[in-house]
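Below is one structure; the comments refer to it alone.
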Amino acid sequence: MNSYPPQIILKKGREKSVQKHHLWIFSGAVEGVTRELSDGEVVEVFSHDGNYLATGHFEDGSICVRIFSFSRVNIDKAFWKSLITNAVDKRISMQLFDFHITNAFRLIHAESDMMPGLIADYYNGTIVMQAHSVGMFNAMPLFAECFKEIFGDKVNAIYCKSGSTVRHVSPDVEKDFFLYGSSPTSDICENGMKYTVDFINGQKTGFFIDQRDNRKLLSDYCKGKKVLNVFGYTGAFSVSALKGGASHVTTVDISGSAIEMTKHNIEANFGNYTNHTEIVADAFDFFSSNKEKYDIIVIDPPAFAKHLDSKDNATKAYRRLNALGMKQLTDNGILFTFSCSQVIQKNDFLTIIYNAGNDAMRNVSILHQLHQSPDHCINIYHPETEYLKGMVLMISPLKNDNR
């Protein structure tokens with residue numbers, strides 16, 4: 001006989017978003033609960049008139065339920081393994097398992113794989129999981145078992161990296177740890193290029209896999225070009241530019257350790273090199289003091305806004321940054337520019353570029369509109385899963401209008 005989880009009852013009329021398969025229940029939509037709840041607990045969501053709607057993890061916060069099922073089923077190991085298997089099968093369908101060309105990709109993309117609050121990335125045999133909810137954090141050992149059963153000898157280490165992301169867990173609980181195996185780094189290949197991923201000390205899970213296809217596109221533009229990569233991190237855009245035949249690449253990052261990793265990755269692919277320059281500097285300071293011009297500039301900053309209350313300041317920063325970049329391009333130069341801030345929507349980013357072009361007094365032509373690589377797939381019912389916005393722009397002098 002099934003023992004059903006506690007229930008959350010929604011206010012009248014607030015069931016509509018759930019019926020449209022959005023995966024978040026906000027605290028303001030909740031009328032009541034059947035008993036006191038603990039963070040991470042599995043709960044069932046019911047409408048005001050008593051109809052079952054969904055099952056998810058509870059957490060005391062603005063997003064109080066993250067839904068992972070619209071069916072009333074047992075939430076056990078078989079349930080989770082089925083979700084993980086479905087996610088892996090999707091990546092197999094994307095032909096991502098050709099390990100000779102690329103052996104690093106996202107396995108679980110949270111809401112896009114019906115596992116909100118969980119990220120899992122595969123790095124050539126190492127799986128790095130990151131929880132953004134207590135419920136997913138608590139289930140990490142079970143997920144590790146599922147991954148080992150699904151991948152067998154294709155996984156040699158599983159690491160939980162949730163110290164900077166999971167909320168409402170006791171400070172005494174270790175949040176970054178190996179669930180299986182041990183290895184501080186992983187050597188990967190992406191589109192045939194070599195990289196070392198420091199998933200323990202690096203940002204996010206260690207490497208920005210979501211830019212894989214955009215890096216490949218960059219290489220198509222770079223033959224004989226002088227390229228600047230700002231916010232270079234591990235230098236993956238720089239490696240792609242050099243692979244594409246760039247005459248010279250400059251990488252700028254405020255972190256000295258990131259620049260060291262950039263140097264390591266370039267040496268791994270090109271040996272001793274003379275056509276790359278590394279600069280440790282703040283991006284705004286660099287642009288303010290730099291006198292050189294570039295044929296191509298890549299601007300891929302970290303999220304300037306993680307919450308709505310910081311959106312205005314972020315918008316100003318993106319606008320200033322892009323205007324500075326436009327001014328330092330040669331005539332008909334190419335700007336690859338991105339925002340990974342979830343609260344900056346596509347139309348917001350278009351407006352930012354429009355205003356930056358006016359500030360820089362340049363003509364701006366959109367060549368490509370970009371987003372994350374397909375293993376970071378977008379759930380059409382949950383638009384928040386489309387977090388990465390990007391554009392490839394041609395920047396040219398603004399001619400006087402003599403009409």
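Chain labels A, B, ... are given in the sequence in which chains occur in the structure tokens; within each chain residues are numbered consecutively from 1, and ligands are likewise numbered from 1 in the order shown.
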Those in region 153-309 of chain A with alpha helix (DSSP H) from DSSP, as number ranges by chain
A: 212-221, 236-243, 256-270, 283-289
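Residues lying within 9 Å of Lys154 (chain A), counting only C-alpha atoms and ignoring same-chain neighbours fewer than 2 positions away, are Asn124, Gly125, Thr126, Lys148, Phe151, Gly152 and Asn156 of chain A.
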Each region 239-345 of chain A residue no farther than 9 Å from region 377-389 of chain A, nearest pair in Å, only C-alpha atoms, as JSON lines:
```
{"residue": "A:Thr337", "atom": "CA", "partner": "A:Lys389", "partner_atom": "CA", "distance": 8.4}
{"residue": "A:Phe338", "atom": "CA", "partner": "A:Lys389", "partner_atom": "CA", "distance": 5.6}
{"residue": "A:Ser339", "atom": "CA", "partner": "A:Lys389", "partner_atom": "CA", "distance": 5.3}
{"residue": "A:Cys340", "atom": "CA", "partner": "A:Leu388", "partner_atom": "CA", "distance": 4.4}
{"residue": "A:Ser341", "atom": "CA", "partner": "A:Tyr387", "partner_atom": "CA", "distance": 6.4}
{"residue": "A:Gln342", "atom": "CA", "partner": "A:Tyr387", "partner_atom": "CA", "distance": 4.7}
{"residue": "A:Val343", "atom": "CA", "partner": "A:Tyr387", "partner_atom": "CA", "distance": 8.1}
{"residue": "A:Ile344", "atom": "CA", "partner": "A:Tyr387", "partner_atom": "CA", "distance": 8.2}
{"residue": "A:Gln345", "atom": "CA", "partner": "A:Lys389", "partner_atom": "CA", "distance": 7.8}
```
With a distance cut-off of 12 Å and only C-alpha atoms, select the neighbouring residues of Phe70 (chain A), excluding the residue or stretch itself and same-chain residues fewer than 6 positions from it, and output the selection as a tab-separated table (two decimals) with C-alpha atoms, in the first residue's frame.
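Saved as part-v3.tsv:
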```
chain	number	residue	atom	x	y	z
A	18	VAL	CA	1.27	23.76	-13.10
A	19	GLN	CA	-1.32	22.60	-15.60
A	20	LYS	CA	0.84	24.28	-18.27
A	21	HIS	CA	3.81	22.18	-17.04
A	22	HIS	CA	5.87	24.94	-15.46
A	23	LEU	CA	8.05	23.31	-12.82
A	43	VAL	CA	5.54	16.79	-1.36
A	44	GLU	CA	2.45	16.47	-3.51
A	45	VAL	CA	0.76	19.56	-4.91
A	46	PHE	CA	-3.04	19.82	-4.95
A	51	ASN	CA	-7.21	17.65	-7.41
A	52	TYR	CA	-3.71	16.17	-7.56
A	53	LEU	CA	-1.39	18.26	-9.77
A	54	ALA	CA	2.25	17.26	-9.29
A	55	THR	CA	5.03	15.99	-7.03
A	56	GLY	CA	8.24	17.79	-6.15
A	114	MET	CA	12.57	16.97	-15.22
```
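Minimum distance to Ser257 (chain A) across A:Pro5, A:Pro116, A:Pro141, A:Gly235 (counting only C-alpha atoms) occurs at A:Gly235.
Every residue of region 298-376 of chain A found in strand (DSSP E or B) when DSSP is run on the backbone appears here: A:Val298, A:Ile299, A:Leu329, A:Thr330, A:Asp331, A:Asn332, A:Gly333, A:Ile334, A:Leu335, A:Phe336, A:Thr337, A:Phe338, A:Ser339, A:Arg362, A:Asn363, A:Val364, A:Ser365, A:Ile366, A:Leu367, A:His368, A:Gln369, A:Leu370.
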